[in-house]
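What follows is a set of notes on a single structure, which appears directly below.
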Amino acid sequence: MRKGSARGGGKKGDSKGKDKAGTIPRRPIPNLPEKSDPKFTLEQILSSKKEGSANFYLSISEDTKVCDMMSPILALYQCGVPARYGGEGGYPSGEIAAILRATTDDVDLQIPDKIKTAIAACFAKDESSPNEFAFEYIWCASQISDILKPKDGGSVNLVHHAWVYKDIQPGQRRQCQMPMGVFNMGDENKWAGRLEVKNPASKGGRDASHDKCTPQRVSVHAAKRNKWVMCCSPNNAKIYFDLKNPLIAFWSAAIDRDAEKPRILVQFNWMFTQRITASTYSLLQKASTLKELLDGMVITPFS
């Protein structure tokens, strides 16, 4: 899998793309996007065939393929990508072993109430606000062992630059404040592979918030020495975990409120901190439908 080539960095105090006061302009807070009736039944979803014959990539949406979700400019998938700031190649990401994508237009998706509450808090509140809202769902399984620095403990960045700026072009400078947050599943007695809250938190609010969505700066710009090399910055949206756990599973949410029609991404993340086993790779390659993958996971659990 190709590693991200968009370079991390950016000149501190750079005011390009900001208003005269030096802050990123913000639009009025919009309303939650309304949910529509789904197109497909659960049976149809389970029988959907994946793309290609290698890793498990499947998009339920008829107008989107996972192969088209790789940004050719940033070399990152258009989702929340576990990556490490400042490494060789700038923002290197691990191998994305599986992506399942769907929207509430495709299927009736249910997410934990605490995530719904956190997302709704980022939108305007009035009598017309819907109880259920439209969003994009992604399950992303990634192997991050190659980008970890064990001496620094378990830590990566959850990068959304390619998701926010799907139409970015070489040489452009674009940035925004994107609300995002992470959410552990269950409690520590039920699932050990959890994210940890760093204490004390890193300076400047760079850590991803837990159980709520708070603004994280997302900036894309050209490299100082080569305008055709695109950079992603800053070093934020950081998450922490115990490297002793081979699999870290958690939810995340990101909100693009500056889009003409506000966009919401709810993602279920599996991060393998160690090499994915041969049996797991075999399952990902042999399963041609979602049903076959789920059935295989019962017999050969991911490890």
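Every chain in the structure tokens takes a letter, A first, then B, and so on in the order presented; its residues are numbered from 1, and the ligands are numbered from 1 following the presented order.
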Q. Near region 160-171 of chain A, within 9 Å and counting only C-alpha atoms, which residues show up once chain neighbours fewer than 3 positions away are dropped, as a PyMOL selection string?
A. chain A and resi 69-71+73-81+174-176+178+218-223+226-230+232-233+254-256+259+263+265
Selected residues, N, CA and C atoms, written as a CSV table (one decimal), in the first residue's frame, please.
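selection_15.csv, freshly written:
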chain,number,residue,atom,x,y,z
A,69,MET,N,-11.5,6.9,-3.7
A,69,MET,CA,-11.4,7.6,-2.5
A,69,MET,C,-9.9,8.0,-2.1
A,70,MET,N,-9.0,7.4,-2.9
A,70,MET,CA,-7.6,7.8,-2.7
A,70,MET,C,-7.3,9.1,-3.4
A,71,SER,N,-6.9,10.1,-2.6
A,71,SER,CA,-6.6,11.5,-3.2
A,71,SER,C,-5.3,11.4,-3.9
A,73,ILE,N,-3.7,13.8,-5.1
A,73,ILE,CA,-2.8,15.0,-4.7
A,73,ILE,C,-2.2,14.8,-3.3
A,74,LEU,N,-3.0,14.3,-2.4
A,74,LEU,CA,-2.5,14.1,-1.0
A,74,LEU,C,-2.0,12.7,-0.7
A,75,ALA,N,-2.3,11.8,-1.5
A,75,ALA,CA,-2.0,10.4,-1.3
A,75,ALA,C,-2.5,9.8,0.0
A,76,LEU,N,-3.7,10.3,0.4
A,76,LEU,CA,-4.4,9.8,1.6
A,76,LEU,C,-5.8,9.4,1.2
A,77,TYR,N,-6.4,8.4,1.8
A,77,TYR,CA,-7.8,8.1,1.6
A,77,TYR,C,-8.7,9.2,2.1
A,78,GLN,N,-9.8,9.3,1.5
A,78,GLN,CA,-10.8,10.3,1.9
A,78,GLN,C,-11.7,9.8,3.0
A,79,CYS,N,-11.0,9.7,4.2
A,79,CYS,CA,-11.7,9.3,5.4
A,79,CYS,C,-10.8,9.7,6.6
A,80,GLY,N,-11.0,9.2,7.8
A,80,GLY,CA,-10.1,9.5,8.9
A,80,GLY,C,-8.9,8.5,8.8
A,81,VAL,N,-7.7,8.9,8.5
A,81,VAL,CA,-6.6,8.0,8.2
A,81,VAL,C,-5.6,8.1,9.4
A,174,ARG,N,-5.6,25.9,1.4
A,174,ARG,CA,-7.0,25.8,2.0
A,174,ARG,C,-6.9,25.4,3.5
A,175,GLN,N,-7.7,25.9,4.3
A,175,GLN,CA,-7.7,25.5,5.7
A,175,GLN,C,-9.1,25.8,6.3
A,176,CYS,N,-9.3,25.2,7.4
A,176,CYS,CA,-10.6,25.3,8.1
A,176,CYS,C,-10.4,24.8,9.6
A,178,MET,N,-12.2,22.2,11.8
A,178,MET,CA,-13.1,21.0,11.6
A,178,MET,C,-13.4,20.4,13.0
A,218,VAL,N,-7.4,22.1,10.1
A,218,VAL,CA,-7.0,21.3,8.9
A,218,VAL,C,-6.5,22.2,7.9
A,219,SER,N,-5.2,22.0,7.5
A,219,SER,CA,-4.6,22.9,6.6
A,219,SER,C,-3.9,22.2,5.5
A,220,VAL,N,-4.1,22.6,4.2
A,220,VAL,CA,-3.4,22.0,3.1
A,220,VAL,C,-2.8,23.1,2.3
A,221,HIS,N,-1.5,22.9,1.9
A,221,HIS,CA,-0.8,24.0,1.3
A,221,HIS,C,0.4,23.4,0.5
A,222,ALA,N,1.0,24.2,-0.3
A,222,ALA,CA,2.2,23.8,-1.1
A,222,ALA,C,3.4,23.9,-0.2
A,223,ALA,N,4.4,23.0,-0.5
A,223,ALA,CA,5.7,23.0,0.2
A,223,ALA,C,6.4,24.3,-0.2
A,226,ASN,N,8.8,23.7,-3.2
A,226,ASN,CA,8.3,23.1,-4.4
A,226,ASN,C,6.7,23.2,-4.3
A,227,LYS,N,6.2,24.1,-5.1
A,227,LYS,CA,4.7,24.4,-5.0
A,227,LYS,C,3.9,23.2,-5.5
A,228,TRP,N,4.6,22.2,-6.2
A,228,TRP,CA,3.8,21.1,-6.7
A,228,TRP,C,3.8,20.0,-5.7
A,229,VAL,N,4.5,20.1,-4.6
A,229,VAL,CA,4.4,19.1,-3.5
A,229,VAL,C,3.5,19.7,-2.4
A,230,MET,N,2.4,18.9,-2.1
A,230,MET,CA,1.4,19.4,-1.2
A,230,MET,C,1.7,18.9,0.2
A,232,CYS,N,0.3,18.6,4.4
A,232,CYS,CA,-0.8,18.6,5.3
A,232,CYS,C,-0.3,19.0,6.7
A,233,SER,N,-1.0,19.9,7.4
A,233,SER,CA,-0.6,20.3,8.7
A,233,SER,C,-1.9,20.8,9.5
A,254,ALA,N,-16.3,13.4,12.4
A,254,ALA,CA,-15.7,14.6,11.9
A,254,ALA,C,-16.9,15.3,11.2
A,255,ILE,N,-16.8,16.7,11.2
A,255,ILE,CA,-17.9,17.5,10.6
A,255,ILE,C,-17.3,18.6,9.7
A,256,ASP,N,-17.8,18.6,8.5
A,256,ASP,CA,-17.4,19.7,7.6
A,256,ASP,C,-18.6,20.7,7.5
A,259,ALA,N,-18.9,23.2,4.2
A,259,ALA,CA,-19.4,22.7,2.9
A,259,ALA,C,-20.7,23.4,2.6
A,263,ARG,N,-21.4,18.2,5.9
A,263,ARG,CA,-21.1,16.8,5.8
A,263,ARG,C,-20.7,16.3,7.1
A,265,LEU,N,-19.0,12.7,9.0
A,265,LEU,CA,-18.4,11.4,8.8
A,265,LEU,C,-18.4,10.7,10.2
(Q) If DSSP is run on the backbone, what residues of region 3-237 of chain A are helix (DSSP H, G or I)? A reply as a PyMOL selection string would be ideal. (A) chain A and resi 42-46+66-69+113-120+145-147+150-152+161-164+203-205
Q) Which residue out of A:Lys151, A:Lys286, A:Arg84, A:Lys114 has the minimum interatomic distance to Asn235 (chain A) when only C-alpha atoms are used? A) A:Arg84
Per-residue nearest contacts of region 251-275 of chain A to region 179-188 of chain A (12 Å; only C-alpha atoms) as a Markdown table:
| residue | atom | partner | partner_atom | distance |
| --- | --- | --- | --- | --- |
| A:Trp251 | CA | A:Phe183 | CA | 4.9 |
| A:Ser252 | CA | A:Val182 | CA | 4.2 |
| A:Ala253 | CA | A:Met180 | CA | 5.4 |
| A:Ala254 | CA | A:Met180 | CA | 4.3 |
| A:Ile255 | CA | A:Pro179 | CA | 5.4 |
| A:Asp256 | CA | A:Pro179 | CA | 7.5 |
| A:Arg257 | CA | A:Pro179 | CA | 8.3 |
| A:Asp258 | CA | A:Pro179 | CA | 10.7 |
| A:Pro262 | CA | A:Pro179 | CA | 11.9 |
| A:Arg263 | CA | A:Pro179 | CA | 11.2 |
| A:Ile264 | CA | A:Met180 | CA | 9.7 |
| A:Leu265 | CA | A:Met180 | CA | 9.3 |
| A:Val266 | CA | A:Met180 | CA | 9.8 |
| A:Gln267 | CA | A:Val182 | CA | 9.4 |
| A:Phe268 | CA | A:Phe183 | CA | 9.5 |
| A:Asn269 | CA | A:Val182 | CA | 9.9 |
| A:Trp270 | CA | A:Met185 | CA | 11.5 |
For N, CA, C and O atoms, I'd like the residues from the last selection saved as a PDB file, in the first residue's frame.
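Once written, part-v9.pdb looks like this:
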ATOM      1  N   TRP A 251     -14.556   4.612  17.882  1.00  0.00           N
ATOM      2  CA  TRP A 251     -15.337   5.416  16.950  1.00  0.00           C
ATOM      3  C   TRP A 251     -14.702   6.797  16.815  1.00  0.00           C
ATOM      4  O   TRP A 251     -14.021   7.262  17.722  1.00  0.00           O
ATOM      5  N   SER A 252     -14.963   7.446  15.693  1.00  0.00           N
ATOM      6  CA  SER A 252     -14.578   8.841  15.524  1.00  0.00           C
ATOM      7  C   SER A 252     -15.657   9.555  14.720  1.00  0.00           C
ATOM      8  O   SER A 252     -16.430   8.930  13.999  1.00  0.00           O
ATOM      9  N   ALA A 253     -15.702  10.859  14.868  1.00  0.00           N
ATOM     10  CA  ALA A 253     -16.664  11.677  14.118  1.00  0.00           C
ATOM     11  C   ALA A 253     -15.968  12.938  13.640  1.00  0.00           C
ATOM     12  O   ALA A 253     -15.131  13.509  14.356  1.00  0.00           O
ATOM     13  N   ALA A 254     -16.288  13.371  12.436  1.00  0.00           N
ATOM     14  CA  ALA A 254     -15.743  14.601  11.872  1.00  0.00           C
ATOM     15  C   ALA A 254     -16.862  15.338  11.151  1.00  0.00           C
ATOM     16  O   ALA A 254     -17.761  14.711  10.568  1.00  0.00           O
ATOM     17  N   ILE A 255     -16.817  16.666  11.190  1.00  0.00           N
ATOM     18  CA  ILE A 255     -17.889  17.485  10.632  1.00  0.00           C
ATOM     19  C   ILE A 255     -17.310  18.575   9.747  1.00  0.00           C
ATOM     20  O   ILE A 255     -16.448  19.346  10.180  1.00  0.00           O
ATOM     21  N   ASP A 256     -17.761  18.612   8.502  1.00  0.00           N
ATOM     22  CA  ASP A 256     -17.384  19.683   7.584  1.00  0.00           C
ATOM     23  C   ASP A 256     -18.561  20.653   7.518  1.00  0.00           C
ATOM     24  O   ASP A 256     -19.456  20.498   6.694  1.00  0.00           O
ATOM     25  N   ARG A 257     -18.543  21.655   8.402  1.00  0.00           N
ATOM     26  CA  ARG A 257     -19.642  22.620   8.460  1.00  0.00           C
ATOM     27  C   ARG A 257     -19.521  23.694   7.389  1.00  0.00           C
ATOM     28  O   ARG A 257     -20.478  24.426   7.134  1.00  0.00           O
ATOM     29  N   ASP A 258     -18.337  23.824   6.765  1.00  0.00           N
ATOM     30  CA  ASP A 258     -18.123  24.875   5.785  1.00  0.00           C
ATOM     31  C   ASP A 258     -18.546  24.470   4.377  1.00  0.00           C
ATOM     32  O   ASP A 258     -18.530  25.299   3.466  1.00  0.00           O
ATOM     33  N   PRO A 262     -23.610  20.762   4.668  1.00  0.00           N
ATOM     34  CA  PRO A 262     -22.760  20.212   5.727  1.00  0.00           C
ATOM     35  C   PRO A 262     -22.621  18.699   5.616  1.00  0.00           C
ATOM     36  O   PRO A 262     -23.571  17.987   5.290  1.00  0.00           O
ATOM     37  N   ARG A 263     -21.418  18.212   5.867  1.00  0.00           N
ATOM     38  CA  ARG A 263     -21.104  16.792   5.763  1.00  0.00           C
ATOM     39  C   ARG A 263     -20.667  16.267   7.125  1.00  0.00           C
ATOM     40  O   ARG A 263     -19.964  16.942   7.871  1.00  0.00           O
ATOM     41  N   ILE A 264     -21.068  15.030   7.410  1.00  0.00           N
ATOM     42  CA  ILE A 264     -20.718  14.384   8.673  1.00  0.00           C
ATOM     43  C   ILE A 264     -20.140  13.009   8.363  1.00  0.00           C
ATOM     44  O   ILE A 264     -20.706  12.250   7.584  1.00  0.00           O
ATOM     45  N   LEU A 265     -19.008  12.707   8.968  1.00  0.00           N
ATOM     46  CA  LEU A 265     -18.391  11.392   8.836  1.00  0.00           C
ATOM     47  C   LEU A 265     -18.358  10.715  10.196  1.00  0.00           C
ATOM     48  O   LEU A 265     -17.804  11.252  11.151  1.00  0.00           O
ATOM     49  N   VAL A 266     -18.967   9.537  10.283  1.00  0.00           N
ATOM     50  CA  VAL A 266     -18.881   8.697  11.474  1.00  0.00           C
ATOM     51  C   VAL A 266     -18.098   7.456  11.087  1.00  0.00           C
ATOM     52  O   VAL A 266     -18.473   6.752  10.146  1.00  0.00           O
ATOM     53  N   GLN A 267     -17.013   7.200  11.785  1.00  0.00           N
ATOM     54  CA  GLN A 267     -16.098   6.135  11.369  1.00  0.00           C
ATOM     55  C   GLN A 267     -15.832   5.170  12.516  1.00  0.00           C
ATOM     56  O   GLN A 267     -15.617   5.587  13.657  1.00  0.00           O
ATOM     57  N   PHE A 268     -15.860   3.877  12.199  1.00  0.00           N
ATOM     58  CA  PHE A 268     -15.478   2.842  13.153  1.00  0.00           C
ATOM     59  C   PHE A 268     -14.090   2.373  12.770  1.00  0.00           C
ATOM     60  O   PHE A 268     -13.868   1.892  11.659  1.00  0.00           O
ATOM     61  N   ASN A 269     -13.147   2.555  13.668  1.00  0.00           N
ATOM     62  CA  ASN A 269     -11.735   2.350  13.366  1.00  0.00           C
ATOM     63  C   ASN A 269     -11.181   1.091  14.027  1.00  0.00           C
ATOM     64  O   ASN A 269     -11.381   0.881  15.224  1.00  0.00           O
ATOM     65  N   TRP A 270     -10.480   0.298  13.233  1.00  0.00           N
ATOM     66  CA  TRP A 270      -9.677  -0.813  13.753  1.00  0.00           C
ATOM     67  C   TRP A 270      -8.232  -0.515  13.393  1.00  0.00           C
ATOM     68  O   TRP A 270      -7.897  -0.394  12.204  1.00  0.00           O
TER      69      TRP A 270
END
